[in-house]
$ cat work_20.cif   # mmCIF, C-alpha atoms
data_target
#
loop_
_atom_site.label_atom_id
_atom_site.label_comp_id
_atom_site.auth_asym_id
_atom_site.auth_seq_id
_atom_site.Cartn_x
_atom_site.Cartn_y
_atom_site.Cartn_z
CA MET A 1 4.26 -13.13 45.66
CA ASN A 2 4.26 -9.35 45.97
CA LYS A 3 4.94 -7.40 42.81
CA PRO A 4 7.32 -4.45 43.26
CA PRO A 5 5.35 -1.19 43.29
CA LYS A 6 5.27 0.72 39.99
CA LYS A 7 7.26 3.96 39.85
CA ILE A 8 4.03 5.90 39.34
CA ASP A 9 2.46 4.45 42.51
CA LEU A 10 5.28 5.83 44.64
CA MET A 11 4.75 9.38 43.39
CA SER A 12 2.91 12.10 45.26
CA GLU A 13 -0.16 13.54 43.54
CA GLN A 14 1.90 16.60 42.52
CA GLU A 15 4.72 14.47 41.08
CA ARG A 16 2.16 12.43 39.19
CA ASN A 17 0.58 15.57 37.74
CA ASP A 18 3.99 16.86 36.60
CA TYR A 19 4.89 13.49 35.10
CA HIS A 20 1.56 13.44 33.25
CA ALA A 21 2.03 16.99 31.92
CA LYS A 22 5.47 16.12 30.48
CA LYS A 23 4.23 12.91 28.91
CA MET A 24 1.24 14.64 27.33
CA GLU A 25 3.39 17.53 26.09
CA LYS A 26 5.53 15.01 24.20
CA LYS A 27 2.45 13.25 22.87
CA LYS A 28 0.97 16.50 21.61
CA ALA A 29 4.24 17.52 19.92
CA ALA A 30 4.43 14.15 18.14
CA ARG A 31 0.80 14.42 17.09
CA ASP A 32 1.14 18.00 15.82
CA LYS A 33 4.24 17.03 13.83
CA MET A 34 2.41 14.09 12.29
CA LEU A 35 -0.67 16.18 11.43
CA ALA A 36 1.45 18.89 9.78
CA THR A 37 2.51 16.38 7.11
CA LYS A 38 -1.14 15.65 6.22
CA THR A 39 -2.04 18.32 3.72
CA LYS A 40 -3.95 16.62 0.91
CA GLU A 41 -7.72 16.61 0.58
CA LYS A 42 -9.63 14.21 -1.62
CA GLY A 43 -12.71 12.07 -1.75
CA LEU A 44 -12.02 8.81 0.05
CA ILE A 45 -12.95 5.22 -0.58
CA ILE A 46 -13.98 3.96 2.85
CA VAL A 47 -14.68 0.34 3.73
CA HIS A 48 -16.39 -0.95 6.91
CA THR A 49 -16.04 -4.70 7.15
CA GLY A 50 -15.76 -7.51 9.72
CA LYS A 51 -18.26 -9.72 11.51
CA GLY A 52 -19.10 -7.24 14.26
CA LYS A 53 -21.88 -4.72 14.48
CA GLY A 54 -21.53 -1.06 13.60
CA LYS A 55 -20.54 -1.28 9.94
CA SER A 56 -23.74 0.25 8.55
CA THR A 57 -24.36 2.21 11.75
CA ALA A 58 -21.01 4.01 11.54
CA ALA A 59 -21.70 4.71 7.85
CA PHE A 60 -25.10 6.06 8.86
CA GLY A 61 -23.33 8.26 11.45
CA MET A 62 -21.05 9.60 8.70
CA VAL A 63 -24.08 10.39 6.56
CA PHE A 64 -25.49 12.49 9.41
CA ARG A 65 -22.22 14.23 10.01
CA ALA A 66 -22.07 15.06 6.29
CA LEU A 67 -25.70 16.27 6.47
CA GLY A 68 -24.57 18.67 9.18
CA HIS A 69 -22.02 20.07 6.74
CA GLY A 70 -24.74 20.61 4.14
CA PHE A 71 -23.51 17.91 1.75
CA LYS A 72 -25.78 16.12 -0.70
CA ILE A 73 -25.67 12.38 -0.07
CA GLY A 74 -26.73 9.33 -2.06
CA ILE A 75 -27.48 5.96 -0.47
CA VAL A 76 -27.87 2.69 -2.35
CA GLN A 77 -28.99 -0.25 -0.25
CA PHE A 78 -27.85 -3.44 -1.92
CA VAL A 79 -29.88 -5.48 0.55
CA LYS A 80 -33.39 -4.21 1.06
CA GLY A 81 -35.08 -4.36 4.42
CA LYS A 82 -31.84 -4.22 6.37
CA TRP A 83 -32.38 -0.67 7.52
CA GLY A 84 -35.17 -0.16 9.98
CA THR A 85 -37.86 2.42 10.21
CA GLY A 86 -35.74 4.47 12.66
CA GLU A 87 -33.10 5.23 10.04
CA ARG A 88 -35.50 5.86 7.20
CA ASP A 89 -37.88 8.09 9.14
CA ILE A 90 -35.07 10.34 10.24
CA LEU A 91 -33.36 10.52 6.83
CA GLU A 92 -36.67 11.43 5.23
CA LYS A 93 -36.59 14.66 7.23
CA PHE A 94 -33.81 15.84 4.87
CA PRO A 95 -35.31 15.25 1.41
CA GLU A 96 -33.23 17.98 -0.32
CA GLN A 97 -29.99 16.46 0.88
CA VAL A 98 -30.50 12.70 0.91
CA THR A 99 -31.55 10.30 -1.85
CA ILE A 100 -32.09 6.67 -0.79
CA LYS A 101 -32.48 3.83 -3.24
CA ALA A 102 -33.32 0.42 -1.79
CA MET A 103 -32.52 -1.84 -4.71
CA GLY A 104 -31.99 -5.23 -3.14
CA GLU A 105 -34.59 -7.78 -2.23
CA GLY A 106 -33.77 -8.76 1.32
CA PHE A 107 -30.90 -10.90 2.46
CA THR A 108 -29.98 -13.65 0.10
CA TRP A 109 -31.07 -16.25 2.67
CA ASP A 110 -34.52 -14.68 2.66
CA THR A 111 -34.98 -14.68 -1.11
CA GLN A 112 -33.24 -18.02 -1.77
CA ASP A 113 -33.38 -16.99 -5.43
CA ARG A 114 -29.93 -16.48 -6.92
CA ALA A 115 -31.09 -15.30 -10.35
CA ARG A 116 -33.31 -12.64 -8.78
CA ASP A 117 -30.50 -11.58 -6.40
CA ILE A 118 -28.15 -11.13 -9.34
CA ARG A 119 -30.66 -9.01 -11.24
CA ALA A 120 -31.25 -6.84 -8.15
CA ALA A 121 -27.50 -6.44 -7.52
CA LYS A 122 -26.88 -5.39 -11.11
CA ALA A 123 -29.69 -2.85 -11.05
CA ALA A 124 -28.36 -1.45 -7.75
CA TRP A 125 -24.85 -1.16 -9.16
CA GLU A 126 -26.14 0.75 -12.22
CA MET A 127 -27.90 3.15 -9.87
CA ALA A 128 -24.74 3.49 -7.76
CA LYS A 129 -22.60 4.33 -10.79
CA GLU A 130 -25.04 6.99 -11.88
CA MET A 131 -25.05 8.60 -8.43
CA ILE A 132 -21.26 8.48 -8.11
CA MET A 133 -20.81 10.17 -11.51
CA ASP A 134 -23.26 12.92 -10.50
CA LYS A 135 -20.88 15.40 -8.91
CA SER A 136 -23.65 17.15 -6.99
CA TYR A 137 -23.32 14.25 -4.51
CA LYS A 138 -20.42 14.67 -2.12
CA MET A 139 -20.88 11.30 -0.38
CA ILE A 140 -22.26 7.99 -1.61
CA LEU A 141 -23.01 5.07 0.70
CA LEU A 142 -23.10 1.64 -0.94
CA ASP A 143 -24.62 -0.33 1.91
CA GLU A 144 -23.89 -4.08 1.85
CA LEU A 145 -22.17 -3.93 -1.52
CA ASN A 146 -19.67 -6.41 -0.08
CA ILE A 147 -22.27 -9.16 0.15
CA CYS A 148 -22.95 -8.86 -3.60
CA LEU A 149 -19.23 -8.99 -4.34
CA ARG A 150 -18.71 -11.93 -2.05
CA TYR A 151 -21.31 -14.05 -3.87
CA ASP A 152 -19.93 -12.80 -7.23
CA TYR A 153 -23.28 -11.22 -8.09
CA LEU A 154 -21.14 -8.34 -9.36
CA ASP A 155 -17.74 -8.50 -10.99
CA ILE A 156 -15.11 -7.24 -8.53
CA LYS A 157 -12.81 -6.17 -11.38
CA GLU A 158 -15.48 -3.94 -12.88
CA VAL A 159 -16.39 -2.41 -9.50
CA VAL A 160 -12.76 -1.70 -8.62
CA GLU A 161 -12.02 -0.22 -12.03
CA PHE A 162 -15.04 2.07 -11.76
CA LEU A 163 -14.20 3.22 -8.21
CA LYS A 164 -10.58 3.96 -9.16
CA ASN A 165 -11.94 6.46 -11.68
CA LYS A 166 -14.63 8.04 -9.52
CA PRO A 167 -14.84 11.86 -9.33
CA ILE A 168 -11.90 12.99 -7.19
CA ASP A 169 -13.94 14.88 -4.54
CA THR A 170 -16.61 12.25 -3.91
CA HIS A 171 -16.44 10.08 -0.79
CA VAL A 172 -17.67 6.51 -1.31
CA ILE A 173 -18.46 4.34 1.72
CA ILE A 174 -18.84 0.59 1.27
CA THR A 175 -20.12 -1.70 4.00
CA GLY A 176 -20.53 -5.43 4.56
CA ARG A 177 -18.55 -8.32 5.96
CA ASN A 178 -15.98 -10.23 3.90
CA ALA A 179 -14.67 -7.24 1.93
CA LYS A 180 -12.63 -8.52 -1.01
CA GLU A 181 -8.86 -8.00 -1.05
CA GLU A 182 -9.08 -6.11 -4.34
CA LEU A 183 -11.40 -3.56 -2.73
CA ILE A 184 -9.24 -3.15 0.38
CA GLU A 185 -6.31 -2.61 -1.97
CA ILE A 186 -7.84 0.56 -3.52
CA ALA A 187 -9.49 1.88 -0.34
CA ASP A 188 -8.11 4.82 1.64
CA LEU A 189 -9.68 3.96 4.97
CA VAL A 190 -10.58 0.44 6.06
CA THR A 191 -12.02 -0.42 9.45
CA GLU A 192 -12.80 -3.91 10.67
CA MET A 193 -15.56 -4.31 13.22
CA SER A 194 -15.13 -7.46 15.34
CA MET A 195 -17.68 -8.89 17.70
CA ILE A 196 -16.34 -9.34 21.21
CA LYS A 197 -19.70 -9.92 22.87
CA HIS A 198 -23.26 -10.07 21.49
CA PRO A 199 -26.56 -9.85 23.40
CA PHE A 200 -28.00 -12.81 21.43
CA ARG A 201 -25.73 -14.92 23.65
CA SER A 202 -27.86 -13.95 26.63
CA GLY A 203 -31.13 -14.61 24.80
CA ILE A 204 -31.89 -10.95 24.20
CA LYS A 205 -33.78 -10.15 21.01
CA ALA A 206 -33.28 -7.42 18.43
CA GLN A 207 -34.54 -4.11 19.80
CA ALA A 208 -35.64 -0.75 18.41
CA GLY A 209 -32.83 1.78 18.48
CA ILE A 210 -30.21 -0.94 18.69
CA GLU A 211 -30.63 -3.29 15.75
CA PHE A 212 -33.21 -1.35 13.76
CA MET B 1 0.42 -26.08 -11.63
CA ASN B 2 -3.29 -26.17 -12.48
CA LYS B 3 -5.70 -26.37 -9.57
CA PRO B 4 -8.57 -28.82 -10.06
CA PRO B 5 -11.78 -26.91 -10.88
CA LYS B 6 -14.13 -26.35 -7.95
CA LYS B 7 -17.39 -28.30 -7.97
CA ILE B 8 -19.33 -25.05 -8.30
CA ASP B 9 -17.38 -23.97 -11.40
CA LEU B 10 -18.46 -27.11 -13.24
CA MET B 11 -22.16 -26.40 -12.65
CA SER B 12 -24.51 -24.90 -15.20
CA GLU B 13 -26.13 -21.60 -14.25
CA GLN B 14 -29.34 -23.47 -13.41
CA GLU B 15 -27.53 -26.02 -11.22
CA ARG B 16 -25.76 -23.21 -9.46
CA ASN B 17 -29.05 -21.41 -8.79
CA ASP B 18 -30.58 -24.61 -7.35
CA TYR B 19 -27.51 -25.24 -5.21
CA HIS B 20 -27.67 -21.66 -3.93
CA ALA B 21 -31.40 -21.92 -3.12
CA LYS B 22 -30.86 -25.09 -1.04
CA LYS B 23 -27.89 -23.60 0.81
CA MET B 24 -29.79 -20.41 1.62
CA GLU B 25 -32.88 -22.33 2.70
CA LYS B 26 -30.76 -24.14 5.28
CA LYS B 27 -29.16 -20.88 6.37
CA LYS B 28 -32.53 -19.22 6.84
CA ALA B 29 -33.88 -22.19 8.84
CA ALA B 30 -30.84 -22.07 11.15
CA ARG B 31 -31.21 -18.32 11.56
CA ASP B 32 -34.95 -18.47 12.26
CA LYS B 33 -34.41 -21.18 14.85
CA MET B 34 -31.69 -19.13 16.55
CA LEU B 35 -33.81 -15.95 16.54
CA ALA B 36 -36.80 -17.79 18.06
CA THR B 37 -34.78 -18.38 21.24
CA LYS B 38 -34.14 -14.63 21.64
CA THR B 39 -37.15 -13.34 23.50
CA LYS B 40 -35.90 -10.98 26.19
CA GLU B 41 -35.86 -7.21 25.92
CA LYS B 42 -33.81 -4.94 28.13
CA GLY B 43 -31.65 -1.87 28.09
CA LEU B 44 -28.17 -2.82 26.98
CA ILE B 45 -24.70 -1.77 28.02
CA ILE B 46 -22.88 -1.30 24.74
CA VAL B 47 -19.14 -0.73 24.35
CA HIS B 48 -17.34 0.45 21.20
CA THR B 49 -13.61 0.10 21.63
CA GLY B 50 -10.43 -0.58 19.63
CA LYS B 51 -7.91 1.62 17.84
CA GLY B 52 -9.89 1.96 14.62
CA LYS B 53 -12.29 4.65 13.54
CA GLY B 54 -16.04 4.43 13.86
CA LYS B 55 -16.43 4.05 17.64
CA SER B 56 -18.10 7.41 18.21
CA THR B 57 -19.50 7.51 14.69
CA ALA B 58 -21.38 4.23 15.15
CA ALA B 59 -22.67 5.50 18.51
CA PHE B 60 -23.76 8.67 16.76
CA GLY B 61 -25.55 6.51 14.16
CA MET B 62 -27.36 4.69 17.00
CA VAL B 63 -28.42 8.03 18.46
CA PHE B 64 -29.99 8.94 15.11
CA ARG B 65 -31.68 5.60 14.76
CA ALA B 66 -33.12 6.07 18.28
CA LEU B 67 -34.20 9.60 17.33
CA GLY B 68 -36.15 8.04 14.49
CA HIS B 69 -37.98 5.91 17.04
CA GLY B 70 -38.89 9.00 19.04
CA PHE B 71 -36.62 8.20 22.01
CA LYS B 72 -35.21 10.85 24.31
CA ILE B 73 -31.42 10.67 24.32
CA GLY B 74 -28.71 12.03 26.58
CA ILE B 75 -25.12 12.54 25.45
CA VAL B 76 -22.20 13.25 27.76
CA GLN B 77 -18.94 14.05 26.01
CA PHE B 78 -16.07 13.23 28.33
CA VAL B 79 -13.64 14.85 25.91
CA LYS B 80 -14.75 18.24 24.68
CA GLY B 81 -14.04 19.36 21.16
CA LYS B 82 -13.91 15.84 19.80
CA TRP B 83 -17.20 16.15 17.99
CA GLY B 84 -17.25 18.48 15.05
CA THR B 85 -19.70 21.07 13.98
CA GLY B 86 -21.36 18.58 11.61
CA GLU B 87 -22.59 16.41 14.46
CA ARG B 88 -23.63 19.22 16.74
CA ASP B 89 -25.47 21.24 14.08
CA ILE B 90 -27.57 18.26 13.12
CA LEU B 91 -28.33 17.14 16.69
CA GLU B 92 -29.42 20.66 17.55
CA LYS B 93 -32.29 20.22 15.08
CA PHE B 94 -33.89 17.87 17.65
CA PRO B 95 -33.84 19.91 20.87
CA GLU B 96 -36.84 18.13 22.44
CA GLN B 97 -35.22 14.74 22.04
CA VAL B 98 -31.49 15.26 22.54
CA THR B 99 -29.55 16.76 25.44
CA ILE B 100 -25.79 17.15 24.91
CA LYS B 101 -23.36 17.95 27.69
CA ALA B 102 -19.76 18.59 26.70
CA MET B 103 -18.03 18.28 30.05
CA GLY B 104 -14.44 17.53 29.18
CA GLU B 105 -11.72 20.00 28.35
CA GLY B 106 -10.20 18.63 25.17
CA PHE B 107 -7.95 15.64 24.81
CA THR B 108 -5.66 15.07 27.70
CA TRP B 109 -2.66 15.70 25.44
CA ASP B 110 -4.12 19.11 24.64
CA THR B 111 -4.73 20.19 28.23
CA GLN B 112 -1.59 18.58 29.70
CA ASP B 113 -3.16 19.29 33.06
CA ARG B 114 -3.98 16.14 34.98
CA ALA B 115 -5.67 17.83 37.95
CA ARG B 116 -7.99 19.76 35.64
CA ASP B 117 -8.71 16.61 33.59
CA ILE B 118 -9.68 14.74 36.76
CA ARG B 119 -12.03 17.51 37.87
CA ALA B 120 -13.64 17.59 34.44
CA ALA B 121 -14.02 13.80 34.34
CA LYS B 122 -15.65 13.75 37.77
CA ALA B 123 -18.09 16.51 36.84
CA ALA B 124 -18.96 14.65 33.62
CA TRP B 125 -19.54 11.41 35.51
CA GLU B 126 -21.89 13.17 37.96
CA MET B 127 -23.84 14.51 35.00
CA ALA B 128 -23.90 11.05 33.40
CA LYS B 129 -25.26 9.42 36.57
CA GLU B 130 -28.03 12.00 36.80
CA MET B 131 -29.05 11.42 33.17
CA ILE B 132 -28.96 7.63 33.50
CA MET B 133 -31.18 7.72 36.59
CA ASP B 134 -33.68 9.96 34.78
CA LYS B 135 -35.94 7.35 33.21
CA SER B 136 -37.29 9.76 30.61
CA TYR B 137 -34.03 9.06 28.73
CA LYS B 138 -34.12 5.79 26.80
CA MET B 139 -30.51 5.99 25.58
CA ILE B 140 -27.41 7.57 27.09
CA LEU B 141 -24.15 7.96 25.19
CA LEU B 142 -21.02 8.33 27.32
CA ASP B 143 -18.59 9.37 24.62
CA GLU B 144 -14.91 8.71 25.41
CA LEU B 145 -15.64 7.56 28.95
CA ASN B 146 -13.01 4.86 28.34
CA ILE B 147 -10.22 7.41 28.15
CA CYS B 148 -11.10 8.69 31.64
CA LEU B 149 -11.16 5.13 32.98
CA ARG B 150 -7.89 4.28 31.31
CA TYR B 151 -6.05 7.13 33.02
CA ASP B 152 -7.86 6.31 36.30
CA TYR B 153 -9.48 9.75 36.35
CA LEU B 154 -12.57 7.83 37.45
CA ASP B 155 -12.75 4.73 39.61
CA ILE B 156 -13.64 1.74 37.43
CA LYS B 157 -15.21 -0.07 40.42
CA GLU B 158 -17.59 2.80 41.09
CA VAL B 159 -18.53 3.13 37.41
CA VAL B 160 -19.17 -0.61 37.01
CA GLU B 161 -21.20 -0.78 40.23
CA PHE B 162 -23.35 2.13 39.09
CA LEU B 163 -23.93 0.73 35.59
CA LYS B 164 -24.89 -2.68 36.99
CA ASN B 165 -27.73 -0.96 38.81
CA LYS B 166 -28.88 1.33 36.01
CA PRO B 167 -32.63 1.47 35.18
CA ILE B 168 -33.47 -1.77 33.38
CA ASP B 169 -34.86 -0.22 30.17
CA THR B 170 -32.10 2.33 29.56
CA HIS B 171 -29.46 1.69 26.89
CA VAL B 172 -25.99 2.99 27.77
CA ILE B 173 -23.35 3.29 25.05
CA ILE B 174 -19.72 3.78 26.04
CA THR B 175 -16.99 4.62 23.54
CA GLY B 176 -13.22 4.95 23.52
CA ARG B 177 -10.17 2.80 22.97
CA ASN B 178 -8.67 0.61 25.69
CA ALA B 179 -11.97 -0.39 27.33
CA LYS B 180 -11.22 -1.92 30.73
CA GLU B 181 -11.81 -5.63 31.29
CA GLU B 182 -14.21 -4.89 34.17
CA LEU B 183 -16.42 -2.88 31.80
CA ILE B 184 -16.36 -5.52 29.06
CA GLU B 185 -17.33 -8.04 31.73
CA ILE B 186 -20.67 -6.30 32.48
CA ALA B 187 -21.43 -5.20 28.90
CA ASP B 188 -24.05 -6.91 26.73
CA LEU B 189 -22.63 -5.89 23.36
CA VAL B 190 -18.96 -5.15 22.73
CA THR B 191 -17.53 -4.28 19.33
CA GLU B 192 -13.90 -3.69 18.60
CA MET B 193 -13.03 -1.38 15.73
CA SER B 194 -9.59 -2.12 14.25
CA MET B 195 -7.72 0.01 11.78
CA ILE B 196 -6.75 -1.87 8.65
CA LYS B 197 -5.84 1.18 6.58
CA HIS B 198 -5.85 4.91 7.36
CA PRO B 199 -5.67 7.86 4.94
CA PHE B 200 -3.04 9.62 7.11
CA ARG B 201 -0.65 7.04 5.66
CA SER B 202 -1.09 8.66 2.25
CA GLY B 203 -0.69 12.19 3.61
CA ILE B 204 -4.38 12.99 3.49
CA LYS B 205 -5.64 15.37 6.16
CA ALA B 206 -8.77 15.25 8.31
CA GLN B 207 -11.77 16.27 6.23
CA ALA B 208 -15.29 17.57 6.86
CA GLY B 209 -17.84 14.77 6.86
CA ILE B 210 -15.16 12.16 7.53
CA GLU B 211 -13.30 13.06 10.69
CA PHE B 212 -15.50 15.92 11.89
#

$ encode --input "work_20.cif" --output "structure tokens"
Amino acid sequence: MNKPPKKIDLMSEQERNDYHAKKMEKKKAARDKMLATKTKEKGLIIVHTGKGKGKSTAAFGMVFRALGHGFKIGIVQFVKGKWGTGERDILEKFPEQVTIKAMGEGFTWDTQDRARDIRAAKAAWEMAKEMIMDKSYKMILLDELNICLRYDYLDIKEVVEFLKNKPIDTHVIITGRNAKEELIEIADLVTEMSMIKHPFRSGIKAQAGIEF
Amino acid sequence: MNKPPKKIDLMSEQERNDYHAKKMEKKKAARDKMLATKTKEKGLIIVHTGKGKGKSTAAFGMVFRALGHGFKIGIVQFVKGKWGTGERDILEKFPEQVTIKAMGEGFTWDTQDRARDIRAAKAAWEMAKEMIMDKSYKMILLDELNICLRYDYLDIKEVVEFLKNKPIDTHVIITGRNAKEELIEIADLVTEMSMIKHPFRSGIKAQAGIEF
């Protein structure tokens, strides 16, 4: 069965260009109007969650973007050993701007020790609170905090209450799958990363520059 | 109505720790077994798509991770002006390792000129092909290529055919919403970023370190 040709396929190149220009003019007008209503500035609570890749990597990208703006940035890794040498080596080139604290003890399936995990999570959270309250930091990344909340190593109520009262200008980025509803509730920006296709499926191993 | 207590809530702290250790031991064994089957290494075709944020930012994070490993990296921006000063300033600190080509002419709703957009897209694609074939580059980022494919500024068949025959060790990262099926088909790793919550909703404007 033949489909009827689309209107756009019957146009000459010139007609198509004109049609495009009109459509884009409308799109720009709508966008400009929308942007004009956005006038507030404040430190955001940002959550990267979902089962896909890119949660920590996008946070890491934001850290670099903020570095480019001259911001001071604090990073607390709630799960140690997750970041590879690539990330660390490059962040260590900016010692005046970046402070990294790796407080965790590896993924919880590596330690297999719940009591130790809880102690590590609590110590990391104390460190995070201190950094967030220090207004010289403009951005704080709490990497894999969600995993500690998911296993109830930390009290979600306490974390939410603290974040609601953070210094107004400080951006806080939280990563990890299974973000709790209570956290999403208070966040300004929430992105879910979903896996559509993963190279493990084709038997390809973790590689430098990609996974670590 | 009272729910019956969960088995885990009736456990003592010690029982809960033991239960956790057993569960995590199993999880680690399953994970180790899975990882042992992943033995191949090769340059990947990576796609970041979806309507959420973090597509370019996660790619940018991968570029920095690769920088940390000492890789040479090529970046072609198919839409000029999308990256802010934060990104550029920081990448320019690594001139021996990073080459950036901003070939586009702004978002298509800014230019409103389809013929010019097509010329710019074609020039950017020529540049991209040259970089990909140059084996001194270990990673190539084609930022917002998807937007050019979506509007058929570039022929998806030609792009797919070229990428299928790229040098085996080179990683190619492609970003932009509305990734075409044909591209997803040949990709090794595809992540979709979805927007769950966006600060525009609360009237907050684009801010340094977050959007640019």

$ residues_around --input "work_20.cif" --residues "segment 145-157 of chain B" --least-positions-apart "5" --cutoff "7 Å" --atoms "all atoms listed in the file" --output "VMD selection string"
chain B and resid 78 118 121 to 122 174 to 179

$ atom_distance --input "work_20.cif" --atom1 "atom CA of Tyr137 of chain A" --atom2 "atom CA of Ala58 of chain A"
19.2 Å

$ closest_atom_pairs --input "work_20.cif" --of "chain B" --to "chain A" --cutoff "6 Å" --atoms "only C-alpha atoms" --output "tab-separated table"
residue	atom	partner	partner_atom	distance
B:Asn17	CA	A:Arg114	CA	5.3
B:Ala21	CA	A:Gln112	CA	4.5
B:Met24	CA	A:Trp109	CA	4.5
B:Lys28	CA	A:Trp109	CA	5.3
B:Lys38	CA	A:Gly203	CA	4.4
B:Thr39	CA	A:Lys205	CA	5.3
B:Lys40	CA	A:Ile204	CA	4.5
B:Glu41	CA	A:Ile204	CA	5.7
B:Gly54	CA	A:Ala58	CA	5.5
B:Thr57	CA	A:Ala58	CA	4.9
B:Ala58	CA	A:Ala58	CA	3.6
B:Phe60	CA	A:Gly61	CA	5.3
B:Gly61	CA	A:Gly61	CA	3.9
B:Arg65	CA	A:Gly86	CA	4.7
B:Ala66	CA	A:Gly209	CA	4.3
B:Gly68	CA	A:Gly86	CA	4.0
B:His69	CA	A:Gly86	CA	5.1
B:Gly86	CA	A:Gly68	CA	4.0
B:Glu87	CA	A:Arg65	CA	5.0
B:Asp89	CA	A:Gly68	CA	5.6
B:Ile90	CA	A:Gly68	CA	5.0
B:Trp109	CA	A:Met24	CA	4.5
B:Gln112	CA	A:Ala21	CA	4.5
B:Asp113	CA	A:Ala21	CA	5.8
B:Arg114	CA	A:Asn17	CA	5.4
B:Asp188	CA	A:Pro199	CA	5.1
B:Leu189	CA	A:His198	CA	4.6
B:Val190	CA	A:Lys197	CA	4.8
B:Thr191	CA	A:Met195	CA	4.9
B:Glu192	CA	A:Ser194	CA	5.1
B:Met193	CA	A:Met193	CA	4.6
B:Ser194	CA	A:Glu192	CA	5.1
B:Met195	CA	A:Thr191	CA	4.9
B:Ile196	CA	A:Val190	CA	5.2
B:Lys197	CA	A:Val190	CA	4.8
B:His198	CA	A:Leu189	CA	4.6
B:Pro199	CA	A:Asp188	CA	5.1
B:Gly203	CA	A:Lys38	CA	4.4
B:Ile204	CA	A:Lys40	CA	4.5
B:Lys205	CA	A:Lys38	CA	4.5
B:Gly209	CA	A:Ala66	CA	4.3

$ atom_distance --input "work_20.cif" --atom1 "atom CA of Ile186 of chain B" --atom2 "atom CA of Glu130 of chain B"
20.2 Å

$ atom_distance --input "work_20.cif" --atom1 "atom CA of Ile173 of chain B" --atom2 "atom CA of Asp143 of chain A"
23.5 Å

$ axis_aligned_box --input "work_20.cif" --around "segment 135-150 of chain A" --padding-each-side "8 Å" --output "AutoDock Vina command-line options"
--center_x -21.7 --center_y 2.6 --center_z -3.5 --size_x 21.9 --size_y 45.1 --size_z 26.8

$ residues_around --input "work_20.cif" --residues "segment 95-99 of chain B" --least-positions-apart "4" --cutoff "6 Å" --atoms "all atoms listed in the file" --output "list in words"
Lys72, Ile73 and Gly74 of chain B

$ closest_atom_pairs --input "work_20.cif" --of "segment 61-149 of chain A" --to "segment 160-169 of chain A" --cutoff "9 Å" --atoms "only C-alpha atoms" --output "tab-separated table"
residue	atom	partner	partner_atom	distance
A:Lys129	CA	A:Phe162	CA	7.9
A:Ile132	CA	A:Lys166	CA	6.8
A:Met133	CA	A:Pro167	CA	6.6
A:Asp134	CA	A:Pro167	CA	8.6
A:Lys135	CA	A:Pro167	CA	7.0
A:Lys138	CA	A:Asp169	CA	6.9
A:Met139	CA	A:Asp169	CA	8.8

$ build_atoms --input "work_20.cif" --residues "segment 46-57 of chain B" --atoms "N, CA and C atoms" --output "PDB file, keeping the file's coordinate frame"
ATOM      1  N   ILE B  46     -23.551  -1.099  26.027  1.00  0.00           N
ATOM      2  CA  ILE B  46     -22.880  -1.300  24.740  1.00  0.00           C
ATOM      3  C   ILE B  46     -21.525  -0.606  24.778  1.00  0.00           C
ATOM      4  N   VAL B  47     -20.497  -1.310  24.348  1.00  0.00           N
ATOM      5  CA  VAL B  47     -19.140  -0.730  24.350  1.00  0.00           C
ATOM      6  C   VAL B  47     -18.564  -0.771  22.940  1.00  0.00           C
ATOM      7  N   HIS B  48     -18.092   0.376  22.466  1.00  0.00           N
ATOM      8  CA  HIS B  48     -17.340   0.450  21.200  1.00  0.00           C
ATOM      9  C   HIS B  48     -15.898   0.773  21.548  1.00  0.00           C
ATOM     10  N   THR B  49     -15.000  -0.145  21.272  1.00  0.00           N
ATOM     11  CA  THR B  49     -13.610   0.100  21.630  1.00  0.00           C
ATOM     12  C   THR B  49     -12.690  -0.265  20.464  1.00  0.00           C
ATOM     13  N   GLY B  50     -11.396  -0.278  20.691  1.00  0.00           N
ATOM     14  CA  GLY B  50     -10.430  -0.580  19.630  1.00  0.00           C
ATOM     15  C   GLY B  50      -9.767   0.675  19.101  1.00  0.00           C
ATOM     16  N   LYS B  51      -8.706   0.484  18.323  1.00  0.00           N
ATOM     17  CA  LYS B  51      -7.910   1.620  17.840  1.00  0.00           C
ATOM     18  C   LYS B  51      -8.431   2.195  16.531  1.00  0.00           C
ATOM     19  N   GLY B  52      -9.407   1.512  15.923  1.00  0.00           N
ATOM     20  CA  GLY B  52      -9.890   1.960  14.620  1.00  0.00           C
ATOM     21  C   GLY B  52     -10.867   3.118  14.735  1.00  0.00           C
ATOM     22  N   LYS B  53     -11.294   3.593  13.571  1.00  0.00           N
ATOM     23  CA  LYS B  53     -12.290   4.650  13.540  1.00  0.00           C
ATOM     24  C   LYS B  53     -13.685   4.040  13.695  1.00  0.00           C
ATOM     25  N   GLY B  54     -14.668   4.909  13.877  1.00  0.00           N
ATOM     26  CA  GLY B  54     -16.040   4.430  13.860  1.00  0.00           C
ATOM     27  C   GLY B  54     -16.651   4.174  15.230  1.00  0.00           C
ATOM     28  N   LYS B  55     -15.878   4.308  16.303  1.00  0.00           N
ATOM     29  CA  LYS B  55     -16.430   4.050  17.640  1.00  0.00           C
ATOM     30  C   LYS B  55     -17.503   5.081  17.988  1.00  0.00           C
ATOM     31  N   SER B  56     -17.120   6.361  17.924  1.00  0.00           N
ATOM     32  CA  SER B  56     -18.100   7.410  18.210  1.00  0.00           C
ATOM     33  C   SER B  56     -19.095   7.549  17.071  1.00  0.00           C
ATOM     34  N   THR B  57     -18.622   7.325  15.848  1.00  0.00           N
ATOM     35  CA  THR B  57     -19.500   7.510  14.690  1.00  0.00           C
ATOM     36  C   THR B  57     -20.633   6.485  14.700  1.00  0.00           C
TER      37      THR B  57
END
